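Here is work.txt, consisting of compact mmCIF, C-alpha atoms:
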```
# COMPACT_ATOMS: atom_id res chain seq x y z
CA MET A 496 51.38 -275.13 81.85
CA GLU A 497 52.98 -273.04 84.56
CA ARG A 498 53.40 -275.60 87.29
CA LEU A 499 54.75 -279.14 87.59
CA THR A 500 51.66 -279.99 89.63
CA ASN A 501 49.54 -279.08 86.59
CA ILE A 502 51.69 -281.28 84.38
CA ARG A 503 51.26 -284.15 86.86
CA SER A 504 47.48 -283.70 86.81
CA ALA A 505 47.38 -283.61 83.02
CA LEU A 506 49.57 -286.70 82.71
CA LEU A 507 47.52 -288.64 85.27
CA SER A 508 44.39 -287.69 83.42
CA GLU A 509 45.86 -288.79 80.09
CA LEU A 510 46.88 -292.10 81.68
CA ALA A 511 43.32 -292.55 82.96
CA HIS A 512 44.72 -292.41 86.50
CA ASN A 513 46.60 -295.67 85.98
CA HIS A 514 49.02 -295.11 88.85
CA ALA A 515 51.36 -297.95 87.89
CA ARG A 516 51.84 -296.46 84.43
CA PHE A 517 52.27 -293.00 85.95
CA LEU A 518 55.01 -294.27 88.27
CA PHE A 519 56.71 -296.07 85.39
CA VAL A 520 56.80 -292.94 83.26
CA ASN A 521 57.77 -290.87 86.29
CA THR A 522 60.76 -293.12 86.93
CA ARG A 523 61.90 -292.43 83.38
CA LEU A 524 61.58 -288.68 84.04
CA ILE A 525 63.57 -288.85 87.29
CA LEU A 526 66.35 -290.84 85.65
CA SER A 527 66.57 -288.89 82.40
CA ILE A 528 65.85 -285.27 83.41
CA GLY A 529 65.73 -285.20 87.21
CA VAL A 530 62.06 -284.26 87.45
CA ASP A 531 59.94 -286.21 89.95
CA LEU A 532 56.25 -285.57 89.36
CA ASN A 533 55.30 -287.83 92.26
CA HIS A 534 57.16 -285.75 94.84
CA ILE A 535 57.27 -282.12 93.75
CA PRO A 536 59.12 -279.86 96.19
CA LYS A 537 57.35 -276.52 96.57
CA ALA A 538 60.44 -274.67 95.36
CA GLN A 539 60.47 -276.67 92.11
CA ASP A 540 56.80 -276.39 91.24
CA THR A 541 57.23 -273.19 89.23
CA ASP A 542 60.86 -273.77 88.16
CA PRO A 543 60.82 -272.82 84.45
CA THR A 544 63.73 -275.12 83.59
CA LYS A 545 62.09 -278.16 85.18
CA ILE A 546 58.76 -277.32 83.56
CA ARG A 547 60.36 -276.97 80.12
CA LEU A 548 62.28 -280.23 80.50
CA ALA A 549 59.18 -282.10 81.68
CA LEU A 550 57.02 -280.79 78.82
CA GLU A 551 59.72 -281.49 76.22
CA THR A 552 60.35 -285.03 77.43
CA LEU A 553 56.69 -285.92 77.88
CA GLY A 554 56.08 -284.47 74.43
CA LYS A 555 58.73 -286.75 72.94
CA MET A 556 56.94 -289.64 74.65
CA GLY A 557 53.74 -288.60 72.93
CA PHE A 558 52.02 -287.22 76.03
CA LEU A 559 50.28 -283.88 76.51
CA GLN A 560 50.06 -283.39 72.75
CA ARG A 561 47.19 -281.48 71.26
CA LYS A 562 47.74 -283.01 67.84
CA GLU A 563 48.22 -286.63 66.86
CA GLY A 564 51.24 -287.58 64.79
CA ALA A 565 54.12 -286.76 67.10
CA ARG A 566 54.56 -290.34 68.19
CA GLY A 567 57.41 -292.73 67.51
CA SER A 568 57.48 -296.26 66.16
CA MET B 1171 61.09 -334.48 73.37
CA ALA B 1172 61.33 -330.89 72.16
CA ARG B 1173 62.75 -328.39 74.60
CA ASP B 1174 61.35 -324.91 75.16
CA VAL B 1175 64.38 -323.35 76.85
CA VAL B 1176 68.06 -324.11 76.47
CA CYS B 1177 70.77 -322.36 78.43
CA THR B 1178 74.07 -323.74 77.29
CA HIS B 1179 77.71 -322.82 77.54
CA SER B 1180 81.15 -323.57 76.21
CA SER B 1181 84.39 -322.76 77.97
CA GLN B 1182 86.36 -323.40 74.75
CA ARG B 1183 88.49 -320.42 73.73
CA ILE B 1184 88.64 -321.43 70.06
CA THR B 1185 85.47 -320.34 68.30
CA SER B 1186 85.03 -323.46 66.14
CA ASP B 1187 85.41 -325.69 69.23
CA ALA B 1188 82.95 -323.56 71.16
CA ILE B 1189 80.41 -323.72 68.34
CA ARG B 1190 80.66 -327.51 68.26
CA GLU B 1191 79.84 -327.67 71.97
CA LEU B 1192 77.08 -325.09 71.73
CA ARG B 1193 75.36 -326.88 68.85
CA ALA B 1194 75.42 -330.10 70.86
CA GLY B 1195 73.93 -328.23 73.80
CA LEU B 1196 71.16 -326.82 71.61
CA ALA B 1197 69.97 -330.21 70.42
CA GLY B 1198 66.24 -330.71 70.77
CA ILE B 1199 65.07 -327.11 70.60
CA GLU B 1200 63.57 -325.14 67.73
CA PRO B 1201 64.32 -321.62 68.89
CA VAL B 1202 62.72 -318.39 67.77
CA ALA B 1203 65.02 -316.19 69.85
CA ILE B 1204 68.67 -316.77 70.68
CA PHE B 1205 70.93 -314.63 72.85
CA PHE B 1206 74.66 -315.30 72.98
CA PHE B 1207 77.38 -313.74 75.09
CA CYS B 1208 80.96 -314.40 74.07
CA SER B 1209 84.36 -313.41 75.33
CA GLY B 1210 86.22 -310.94 73.12
CA ASN B 1211 88.66 -313.66 72.03
CA HIS B 1212 85.84 -315.23 70.01
CA ASP B 1213 84.66 -314.28 66.55
CA GLY B 1214 81.14 -313.17 67.39
CA ILE B 1215 80.13 -312.84 63.75
CA ILE B 1216 80.90 -316.50 63.15
CA ILE B 1217 78.99 -317.50 66.29
CA GLN B 1218 76.03 -315.38 65.20
CA LYS B 1219 76.03 -316.88 61.71
CA GLU B 1220 76.39 -320.44 63.00
CA LEU B 1221 73.51 -319.98 65.43
CA LYS B 1222 71.42 -318.50 62.65
CA GLN B 1223 72.28 -321.45 60.43
CA PHE B 1224 71.24 -323.78 63.25
CA ALA B 1225 67.93 -321.91 63.64
CA PRO B 1226 67.15 -320.01 60.44
CA MET B 1227 63.78 -318.79 61.72
CA ALA B 1228 65.26 -317.39 64.93
CA GLU B 1229 66.39 -313.87 65.70
CA VAL B 1230 69.96 -314.06 67.03
CA ILE B 1231 71.67 -311.25 68.92
CA GLY B 1232 74.83 -311.22 71.00
CA CYS B 1233 77.71 -309.26 72.42
CA THR B 1234 81.18 -309.56 73.89
CA THR B 1235 81.53 -309.89 77.64
CA SER B 1236 83.62 -309.46 80.72
CA GLY B 1237 82.75 -313.01 81.70
CA GLU B 1238 79.85 -315.23 80.76
CA PHE B 1239 77.78 -317.69 82.76
CA THR B 1240 74.82 -319.99 82.98
CA ASP B 1241 73.26 -321.73 85.94
CA LYS B 1242 75.92 -324.42 85.50
CA ALA B 1243 79.02 -322.57 84.28
CA TYR B 1244 80.96 -319.43 85.12
CA THR B 1245 83.90 -318.44 82.90
CA GLN B 1246 85.96 -315.80 81.17
CA GLY B 1247 86.92 -316.77 77.63
CA GLY B 1248 83.86 -318.83 76.78
CA VAL B 1249 80.36 -318.39 75.38
CA SER B 1250 76.95 -318.60 77.02
CA VAL B 1251 73.72 -318.99 75.07
CA MET B 1252 70.00 -318.84 75.77
CA ALA B 1253 67.56 -320.20 73.21
CA LEU B 1254 63.80 -319.79 73.54
CA SER B 1255 61.20 -321.71 71.58
CA HIS B 1256 57.79 -320.65 70.32
CA ALA B 1257 56.31 -321.92 73.59
CA LYS B 1258 58.01 -318.97 75.31
CA VAL B 1259 58.17 -316.33 72.58
CA SER B 1260 55.13 -315.96 70.34
CA ARG B 1261 57.04 -313.73 67.94
CA CYS B 1262 60.01 -311.41 67.97
CA ALA B 1263 62.15 -309.16 65.82
CA ALA B 1264 65.61 -307.67 66.15
CA ALA B 1265 67.60 -304.80 64.69
CA MET B 1266 70.93 -303.09 65.09
CA ALA B 1267 71.46 -299.34 65.51
CA GLU B 1268 74.88 -297.94 64.63
CA TYR B 1269 76.03 -294.55 65.86
CA ASN B 1270 79.10 -294.09 63.69
CA LYS B 1271 77.41 -294.17 60.30
CA GLY B 1272 76.37 -290.56 60.01
CA GLU B 1273 73.04 -290.75 61.82
CA SER B 1274 72.55 -289.28 65.29
CA VAL B 1275 71.96 -291.72 68.15
CA GLU B 1276 68.35 -290.59 68.28
CA ALA B 1277 67.82 -291.14 64.55
CA ALA B 1278 69.59 -294.51 64.58
CA VAL B 1279 67.48 -295.81 67.48
CA HIS B 1280 64.28 -294.54 65.85
CA SER B 1281 65.30 -296.22 62.60
CA ALA B 1282 66.13 -299.56 64.25
CA THR B 1283 62.94 -299.64 66.31
CA GLN B 1284 60.90 -298.72 63.24
CA ARG B 1285 62.37 -301.71 61.44
CA ILE B 1286 61.33 -303.92 64.36
CA ALA B 1287 57.85 -302.40 64.44
CA GLN B 1288 57.47 -302.94 60.70
CA LYS B 1289 58.60 -306.56 60.89
CA LEU B 1290 56.07 -307.23 63.65
CA GLN B 1291 53.37 -304.94 62.25
CA ILE B 1292 52.89 -303.20 65.59
CA ASP B 1293 52.82 -299.73 67.07
CA MET B 1294 55.51 -300.08 69.73
CA ARG B 1295 53.90 -297.40 71.87
CA GLU B 1296 50.58 -299.22 71.98
CA VAL B 1297 51.58 -302.85 72.61
CA ASP B 1298 50.69 -304.44 75.94
CA PRO B 1299 53.74 -304.10 78.23
CA ASP B 1300 52.57 -307.13 80.22
CA ARG B 1301 53.15 -309.35 77.17
CA TRP B 1302 55.91 -307.52 75.30
CA VAL B 1303 59.45 -306.98 76.52
CA GLY B 1304 62.65 -305.92 74.80
CA VAL B 1305 66.28 -306.85 75.29
CA VAL B 1306 68.99 -304.33 74.46
CA LEU B 1307 72.71 -304.99 74.19
CA HIS B 1308 74.88 -301.89 73.93
CA GLU B 1309 78.45 -301.46 72.89
CA GLY B 1310 80.09 -300.73 76.26
CA LEU B 1311 82.81 -298.11 75.86
CA LYS B 1312 81.44 -295.22 73.79
CA GLY B 1313 79.02 -293.87 76.38
CA ASN B 1314 75.83 -293.84 74.31
CA GLU B 1315 73.68 -295.85 76.71
CA GLU B 1316 71.94 -292.95 78.44
CA GLU B 1317 70.73 -291.42 75.20
CA VAL B 1318 69.71 -294.77 73.71
CA ASN B 1319 67.68 -295.67 76.79
CA ALA B 1320 66.08 -292.22 76.85
CA VAL B 1321 65.09 -292.50 73.19
CA LEU B 1322 63.64 -295.98 73.80
CA GLY B 1323 61.54 -294.30 76.51
CA HIS B 1324 60.35 -291.67 74.04
CA ILE B 1325 59.41 -294.29 71.48
CA ALA B 1326 57.67 -296.70 73.84
CA PRO B 1327 57.24 -295.16 77.29
CA PHE B 1328 55.40 -298.14 78.81
CA LEU B 1329 57.64 -300.83 77.35
CA SER B 1330 60.62 -302.31 79.18
CA TYR B 1331 63.87 -302.79 77.33
CA LEU B 1332 66.40 -304.35 79.65
CA GLY B 1333 69.92 -305.50 79.04
CA GLY B 1334 73.54 -304.65 79.44
CA SER B 1335 76.61 -303.15 77.86
CA ALA B 1336 79.13 -305.38 76.15
CA GLY B 1337 82.45 -306.01 77.88
CA ASP B 1338 85.99 -306.97 76.96
CA ASN B 1339 87.33 -308.72 80.07
CA LEU B 1340 88.23 -305.34 81.63
CA VAL B 1341 90.80 -304.57 78.90
CA LEU B 1342 88.72 -301.45 78.04
CA LYS B 1343 89.79 -301.48 74.40
CA GLU B 1344 86.87 -302.63 72.27
CA THR B 1345 83.44 -304.12 72.84
CA ARG B 1346 81.08 -305.39 70.15
CA VAL B 1347 77.45 -306.27 69.56
CA PHE B 1348 76.22 -308.72 66.89
CA HIS B 1349 73.16 -309.22 64.73
CA ASP B 1350 72.35 -310.37 61.24
CA GLY B 1351 75.89 -311.40 60.33
CA ARG B 1352 77.29 -308.03 61.35
CA GLU B 1353 79.08 -306.51 64.30
CA SER B 1354 79.27 -302.98 65.67
CA ASN B 1355 81.73 -301.42 68.07
CA CYS B 1356 79.57 -298.30 68.23
CA GLY B 1357 75.97 -299.43 68.34
CA SER B 1358 73.22 -301.36 70.07
CA VAL B 1359 71.13 -304.37 69.17
CA PHE B 1360 67.49 -304.65 70.15
CA LEU B 1361 65.27 -307.72 70.28
CA LEU B 1362 61.60 -307.18 71.01
CA MET B 1363 59.53 -310.20 72.03
CA GLU B 1364 55.85 -310.92 72.40
CA LEU B 1365 55.94 -313.48 75.14
CA ALA B 1366 53.73 -316.55 75.41
CA VAL B 1367 54.42 -316.67 79.14
CA PRO B 1368 54.40 -314.18 82.01
CA TYR B 1369 57.59 -312.37 82.90
CA THR B 1370 59.08 -310.22 85.60
CA ILE B 1371 62.16 -308.02 85.85
CA VAL B 1372 64.56 -308.13 88.78
CA LYS B 1373 66.91 -305.25 89.60
CA THR B 1374 69.24 -305.68 92.52
CA CYS B 1375 72.46 -304.26 93.87
CA SER B 1376 74.30 -305.06 97.06
CA PHE B 1377 74.12 -301.56 98.49
CA GLU B 1378 71.97 -299.55 100.85
CA PRO B 1379 71.85 -295.78 101.34
CA THR B 1380 73.75 -294.01 104.10
CA PRO B 1381 72.52 -290.66 105.49
CA THR B 1382 75.38 -288.92 103.62
CA VAL B 1383 74.00 -286.97 100.69
CA MET B 1384 76.00 -285.30 97.92
CA ARG B 1385 74.52 -282.54 95.79
CA ILE B 1386 75.95 -282.72 92.30
CA GLY B 1387 77.14 -279.44 90.78
CA ARG B 1388 78.89 -278.97 87.45
CA VAL B 1389 78.83 -282.01 85.18
CA GLU B 1390 80.22 -282.65 81.71
CA GLY B 1391 78.99 -285.94 80.27
CA ARG B 1392 79.87 -288.58 82.85
CA VAL B 1393 82.41 -286.36 84.63
CA VAL B 1394 81.43 -284.57 87.83
CA TYR B 1395 83.43 -281.48 88.73
CA GLU B 1396 81.53 -280.15 91.73
CA ILE B 1397 79.89 -281.75 94.72
CA ASP B 1398 78.18 -279.57 97.34
CA GLY B 1399 79.59 -276.50 95.58
CA GLN B 1400 83.17 -277.68 96.11
CA PRO B 1401 85.68 -279.50 93.86
CA ALA B 1402 84.34 -283.01 93.37
CA VAL B 1403 87.39 -285.16 94.13
CA PRO B 1404 88.36 -283.85 97.61
CA THR B 1405 84.71 -283.51 98.59
CA TYR B 1406 83.87 -287.09 97.61
CA ALA B 1407 87.06 -288.34 99.31
CA ALA B 1408 86.24 -286.50 102.55
CA LYS B 1409 82.69 -287.87 102.61
CA VAL B 1410 84.01 -291.38 102.07
CA GLY B 1411 86.64 -290.87 104.77
CA VAL B 1412 89.87 -291.06 102.78
CA THR B 1413 92.34 -288.59 101.31
CA PRO B 1414 92.12 -287.79 97.57
CA GLU B 1415 95.39 -289.68 97.09
CA GLN B 1416 93.80 -292.81 98.53
CA LEU B 1417 91.00 -292.87 95.96
CA ASP B 1418 91.44 -296.05 93.97
CA HIS B 1419 89.34 -298.81 92.44
CA PRO B 1420 88.55 -300.64 95.70
CA VAL B 1421 87.48 -297.37 97.37
CA PHE B 1422 85.26 -296.44 94.41
CA MET B 1423 83.79 -299.93 94.20
CA ALA B 1424 82.83 -299.91 97.88
CA ASN B 1425 81.48 -296.34 97.86
CA PRO B 1426 79.21 -295.66 94.90
CA LEU B 1427 76.43 -293.10 94.93
CA GLY B 1428 72.75 -293.86 94.56
CA LEU B 1429 69.84 -291.96 93.12
CA MET B 1430 67.03 -293.00 95.43
CA ILE B 1431 63.66 -293.64 93.77
CA GLU B 1432 60.82 -295.00 95.91
CA GLY B 1433 63.39 -296.28 98.40
CA GLU B 1434 65.53 -298.14 95.86
CA PRO B 1435 69.05 -297.04 94.88
CA TRP B 1436 69.88 -296.62 91.19
CA VAL B 1437 73.65 -296.93 91.39
CA ARG B 1438 76.06 -294.38 89.96
CA ALA B 1439 79.61 -295.67 90.29
CA PRO B 1440 82.69 -293.44 90.37
CA ILE B 1441 85.46 -295.11 88.40
CA ALA B 1442 88.43 -292.73 88.11
CA VAL B 1443 89.96 -289.39 89.05
CA LEU B 1444 90.79 -287.41 85.92
CA PRO B 1445 93.87 -285.18 85.54
CA ASP B 1446 91.65 -282.11 85.25
CA GLY B 1447 90.15 -282.72 88.69
CA GLY B 1448 86.99 -284.38 87.46
CA LEU B 1449 85.47 -287.49 88.95
CA LEU B 1450 84.53 -289.91 86.18
CA PHE B 1451 81.44 -292.03 86.71
CA GLY B 1452 80.21 -295.12 84.89
CA CYS B 1453 77.02 -293.32 83.93
CA LYS B 1454 75.79 -289.79 83.43
CA ILE B 1455 74.73 -287.86 86.50
CA LEU B 1456 72.38 -284.92 86.29
CA GLU B 1457 73.38 -281.51 87.63
CA GLY B 1458 71.42 -280.70 90.74
CA ALA B 1459 70.89 -284.36 91.62
CA GLU B 1460 71.05 -285.31 95.28
CA LEU B 1461 72.68 -288.70 95.63
CA ASN B 1462 73.16 -290.82 98.71
CA LEU B 1463 76.51 -292.38 99.47
CA LEU B 1464 75.86 -296.11 99.47
CA LYS B 1465 77.34 -298.80 101.66
CA ASN B 1466 78.07 -302.36 100.76
CA THR B 1467 75.75 -305.13 101.90
CA ASP B 1468 75.74 -308.86 101.13
CA LEU B 1469 76.05 -309.48 97.38
CA VAL B 1470 75.10 -313.15 97.49
CA GLY B 1471 72.37 -312.75 100.08
CA ASP B 1472 70.86 -309.76 98.27
CA THR B 1473 70.95 -311.61 94.96
CA LYS B 1474 69.17 -314.61 96.51
CA ASN B 1475 66.55 -312.37 98.11
CA ALA B 1476 65.94 -310.39 94.94
CA LEU B 1477 65.55 -313.54 92.85
CA ALA B 1478 63.24 -315.05 95.47
CA LYS B 1479 61.07 -311.91 95.31
CA GLY B 1480 61.10 -312.14 91.52
CA VAL B 1481 59.99 -315.77 91.66
CA GLU B 1482 57.22 -314.81 94.08
CA LYS B 1483 56.07 -312.02 91.79
CA LEU B 1484 56.14 -314.37 88.81
CA GLY B 1485 54.11 -316.88 90.81
CA GLN B 1486 56.14 -319.86 89.67
CA THR B 1487 59.68 -321.13 89.30
CA PRO B 1488 61.06 -319.38 86.23
CA SER B 1489 61.62 -321.49 83.15
CA ALA B 1490 64.48 -319.16 82.17
CA GLY B 1491 66.47 -316.19 83.42
CA LEU B 1492 68.43 -313.79 81.25
CA PHE B 1493 70.98 -312.07 83.50
CA PHE B 1494 73.00 -308.88 83.05
CA ASN B 1495 75.47 -308.64 85.92
CA CYS B 1496 77.87 -305.74 86.34
CA ALA B 1497 81.55 -306.48 85.80
CA HIS B 1498 82.24 -304.60 89.07
CA ARG B 1499 80.07 -307.14 90.84
CA CYS B 1500 82.12 -309.83 89.10
CA VAL B 1501 85.30 -308.24 90.50
CA GLU B 1502 83.73 -308.10 93.96
CA ILE B 1503 82.75 -311.77 93.62
CA GLN B 1504 86.33 -312.58 92.65
CA ILE B 1505 87.99 -310.51 95.42
CA LYS B 1506 85.70 -311.86 98.12
CA LYS B 1507 85.93 -315.40 96.72
CA LEU B 1508 82.17 -315.58 96.31
CA ASP B 1509 82.21 -317.47 92.99
CA ALA B 1510 80.74 -320.67 94.38
CA PRO B 1511 78.02 -319.06 96.52
CA PHE B 1512 77.08 -316.64 93.70
CA CYS B 1513 76.78 -319.51 91.23
CA GLU B 1514 74.67 -321.39 93.75
CA ALA B 1515 72.48 -318.29 94.21
CA ILE B 1516 71.64 -318.16 90.49
CA ALA B 1517 71.33 -321.91 89.95
CA GLY B 1518 67.68 -322.41 90.85
CA PHE B 1519 66.48 -322.43 87.22
CA PRO B 1520 68.00 -322.23 83.71
CA VAL B 1521 70.03 -319.03 83.39
CA ALA B 1522 72.30 -317.45 80.81
CA GLY B 1523 74.02 -314.10 81.09
CA PHE B 1524 77.19 -312.10 81.15
CA HIS B 1525 79.19 -309.60 83.18
CA SER B 1526 78.49 -306.20 81.66
CA TYR B 1527 79.90 -302.67 81.48
CA GLY B 1528 76.69 -301.16 82.81
CA GLU B 1529 73.16 -302.42 82.97
CA SER B 1530 70.07 -301.04 81.29
CA TRP B 1531 66.48 -300.81 82.36
CA LEU B 1532 64.78 -297.44 81.93
CA ALA B 1533 68.26 -295.95 82.28
CA HIS B 1534 71.91 -296.90 82.37
CA VAL B 1535 73.03 -298.01 85.84
CA ASN B 1536 76.15 -299.45 87.45
CA GLN B 1537 77.04 -302.22 89.92
CA THR B 1538 73.66 -303.84 89.41
CA LEU B 1539 72.17 -307.16 88.37
CA ILE B 1540 69.21 -306.88 86.03
CA ALA B 1541 67.39 -310.06 85.13
CA LEU B 1542 64.48 -311.07 82.96
CA LEU B 1543 62.63 -314.03 84.46
CA LEU B 1544 60.23 -315.96 82.23
CA GLY B 1545 57.36 -318.15 83.42
```
Mind converting the file's structure to structure tokens?
Amino acid sequence: MERLTNIRSALLSELAHNHARFLFVNTRLILSIGVDLNHIPKAQDTDPTKIRLALETLGKMGFLQRKEGARGS
Amino acid sequence: MARDVVCTHSSQRITSDAIRELRAGLAGIEPVAIFFFCSGNHDGIIIQKELKQFAPMAEVIGCTTSGEFTDKAYTQGGVSVMALSHAKVSRCAAAMAEYNKGESVEAAVHSATQRIAQKLQIDMREVDPDRWVGVVLHEGLKGNEEEVNAVLGHIAPFLSYLGGSAGDNLVLKETRVFHDGRESNCGSVFLLMELAVPYTIVKTCSFEPTPTVMRIGRVEGRVVYEIDGQPAVPTYAAKVGVTPEQLDHPVFMANPLGLMIEGEPWVRAPIAVLPDGGLLFGCKILEGAELNLLKNTDLVGDTKNALAKGVEKLGQTPSAGLFFNCAHRCVEIQIKKLDAPFCEAIAGFPVAGFHSYGESWLAHVNQTLIALLLG
């Protein structure tokens, strides 16, 4: 994914558009990596560092995975 | 008549005396979960073992404090305890993670949470976060809280683990956590509960944002070296309105920074100027973060309001409140002689808690009260 806005769309879709859950996960992202998927400044949307961090962290949470089996306890 | 919740306390400084009082206070309950918070002068392992002997079926976790309290007592040197029966906690499991035994923090947290998941036969990522909640007690001086909380978020992104970091009465020498007859001065203990009652989480601090924003530059761990592209210490001092030489604990305590999320500050507290020109914070700050300078409000009033909102959200008077209150707030309470009004503010229902070296919920924060309210 080349944009944070795409990551937001994919995450919302995976969460079945449960906005409360999206905000909860988003708060974790803001606090741990400084990426806010709910308010994406235009200048950050294509920032490769932010995109990499978001994908890595969401991946560790078990989101946006193509394969099963990458989840924790 | 059996009791479902007991919040009890002993101000005794000798562990055997304290245990005698605590056991008397626990009469009439068959707990499944027990939390204890003891001053560093106590032998926490003995307290843990005695509580386990009192309630062999219960999970018992605890830590050292920078002051401990209930809705009826407020001390340094004593012990506070909360015990919850099956009527409140359907089932629970606890584990300790140690970060000085060769495993990485990430591996140790995964291992501990896997043990909990196995005991409960659950997938922690899939359990209903409206019924399940975790409590985490961290050792308070080694600086592992950010990573531990992040890993908990990886393991169970929808689940709340809330808690605090152990204290040592502001001596800053050693803090400890306890579980299963053991202690760790470099670890965390976790207790995951399936609740039989509704719950809500309260997070409050007595600060509001000012229009002054600081953009964080170079950071190493919890040390900030640049603010707005300039050396951190003089820049922070100028924004606060003092000289660098005037930066001291009262100035820091009254002028923390806040990461604003949906209008709420997540407090990042400066705590010291380092010889190398760095500004040490009580939690990690991310490079590139834009933080608002915060200004002090009314600690007691804000606490009352936050608890009232929590009660409203819960829809009933809580049957129990587990409180993690920052030691800096404790100092503010002491300096401003707010002990009596603060105790009154938290006395509306059974409470047990302690003054902590940082508070945890989704992340590690400072100068905050985090509370778990049970229906």
Rank B:Phe1519, B:Phe1494, B:Phe1205, B:Tyr1527 by their smallest atom-to-atom distance to Phe1360 in chain B, using all atoms listed in the file, and report the top residue only. B:Phe1205
For Arg498 in chain A, which residue out of A:Leu526, A:Ile546, A:Leu532, A:Ala538 is the nearest one, using all atoms listed in the file?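 Using all atoms listed in the file, Arg498 in chain A sits closest to A:Ile546.
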Counting all atoms listed in the file, which residues of chain A come no farther than 7 Å from chain B, as a PyMOL selection string? chain A and resi 516+520+523+526-527+529+555-556+567-568
Shell around Tyr1369 in chain B at 6 Å using only C-alpha atoms, local window under 6 positions removed, as a ChimeraX atom specification: /B:1543-1545
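In this model, the gap between CA of Ile1441 in chain B and CA of Tyr1406 in chain B comes to 12.3 Å.
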Quick one: distance from CA of Phe1207 in chain B to CA of Phe1451 in chain B in Å, one decimal?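 That distance, rounded to one decimal, is 25.0 Å.
If you look at CA of Ala1253 in chain B and CA of Thr1473 in chain B, they are 23.6 Å away from each other.
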Which residues of range 1345-1408 of chain B come within 6 Å of range 1258-1263 of chain B, and what is each one's closest atom pair and distance in Å (one decimal), counting only C-alpha atoms, sorted by chain and residue number, as CSV?
```
residue,atom,partner,partner_atom,distance
B:Leu1361,CA,B:Ala1263,CA,5.6
B:Leu1362,CA,B:Cys1262,CA,5.4
B:Met1363,CA,B:Cys1262,CA,4.3
B:Glu1364,CA,B:Arg1261,CA,5.4
B:Leu1365,CA,B:Val1259,CA,4.4
B:Ala1366,CA,B:Lys1258,CA,4.9
B:Val1367,CA,B:Lys1258,CA,5.7
```
Polymer residues at most 10 Å from (83.1, -296.4, 82.5) by all atoms listed in the file, as a list in words: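 Within 10 Å of (83.1, -296.4, 82.5), the protein and nucleic acid residues are Gly1310, Leu1311, Lys1312, Gly1313, Leu1342, Arg1392, Ala1439, Pro1440, Ile1441, Ala1442, Leu1450, Phe1451, Gly1452, Cys1453, Lys1454, Tyr1527, Gly1528 and Asn1536 of chain B.
For Arg503 in chain A, the list of residues within 10 Å, based on only C-alpha atoms and with local chain neighbours fewer than 5 positions off taken out, reads Arg498, Ser508, Glu509, Phe517, Asn521, Asp531, Leu532, Asn533, Ile535 and Ala549 of chain A.
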Selection to disk with C-alpha atoms, as a short mmCIF file (atom, residue, chain, number, x, y, z; two decimals), in the coordinates of the input:
```cif
data_model
loop_
_atom_site.label_atom_id
_atom_site.label_comp_id
_atom_site.auth_asym_id
_atom_site.auth_seq_id
_atom_site.Cartn_x
_atom_site.Cartn_y
_atom_site.Cartn_z
CA ARG A 498 53.40 -275.60 87.29
CA SER A 508 44.39 -287.69 83.42
CA GLU A 509 45.86 -288.79 80.09
CA PHE A 517 52.27 -293.00 85.95
CA ASN A 521 57.77 -290.87 86.29
CA ASP A 531 59.94 -286.21 89.95
CA LEU A 532 56.25 -285.57 89.36
CA ASN A 533 55.30 -287.83 92.26
CA ILE A 535 57.27 -282.12 93.75
CA ALA A 549 59.18 -282.10 81.68
#
```
Up to 7 Å from (64.2, -323.3, 79.5) in the file's coordinates: name the residues, counting only C-alpha atoms, as a list in words.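 Counting only C-alpha atoms, I find these residues within 7 Å of (64.2, -323.3, 79.5): Asp1174, Val1175, Val1176, Cys1177, Leu1254, Ser1489, Ala1490 and Pro1520 of chain B.
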Residues of the last selection are to be written out with C-alpha atoms, as a compact mmCIF listing (two decimals), in the frame of the given file.
```txt
# COMPACT_ATOMS: atom_id res chain seq x y z
CA ASP B 1174 61.35 -324.91 75.16
CA VAL B 1175 64.38 -323.35 76.85
CA VAL B 1176 68.06 -324.11 76.47
CA CYS B 1177 70.77 -322.36 78.43
CA LEU B 1254 63.80 -319.79 73.54
CA SER B 1489 61.62 -321.49 83.15
CA ALA B 1490 64.48 -319.16 82.17
CA PRO B 1520 68.00 -322.23 83.71
```
For range 505-516 of chain A, I'd like the enclosing box, axis-aligned and padded by 5 Å on every side, reported as JSON with centre and edge lengths in Å to one decimal.
```
{"center_x": 47.6, "center_y": -290.8, "center_z": 84.5, "size_x": 18.5, "size_y": 24.3, "size_z": 18.8}
```
Residues near Leu1307 in chain B, anyone? I mean within 6 Å using only C-alpha atoms, not counting same-chain ones fewer than 4 positions away, as a list in words.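 In the requested form, the answer reads Gly1333, Gly1334, Ser1335, Ser1358 and Val1359 of chain B.
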Write a file of the selected residues as an mmCIF file, keeping the file's coordinate frame, keeping C-alpha atoms.
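Heads up, here's the output in selection.cif:
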```cif
data_model
loop_
_atom_site.group_PDB
_atom_site.id
_atom_site.type_symbol
_atom_site.label_atom_id
_atom_site.label_comp_id
_atom_site.auth_asym_id
_atom_site.auth_seq_id
_atom_site.Cartn_x
_atom_site.Cartn_y
_atom_site.Cartn_z
ATOM 1 C CA GLY B 1333 69.920 -305.500 79.040
ATOM 2 C CA GLY B 1334 73.540 -304.650 79.440
ATOM 3 C CA SER B 1335 76.610 -303.150 77.860
ATOM 4 C CA SER B 1358 73.220 -301.360 70.070
ATOM 5 C CA VAL B 1359 71.130 -304.370 69.170
#
```
Hey, what's within 7 Å of Phe1206 in chain B if we count all atoms listed in the file and toss same-chain stuff fewer than 2 positions away? As a PyMOL selection string, please? chain B and resi 1204+1208+1231-1233+1249-1252
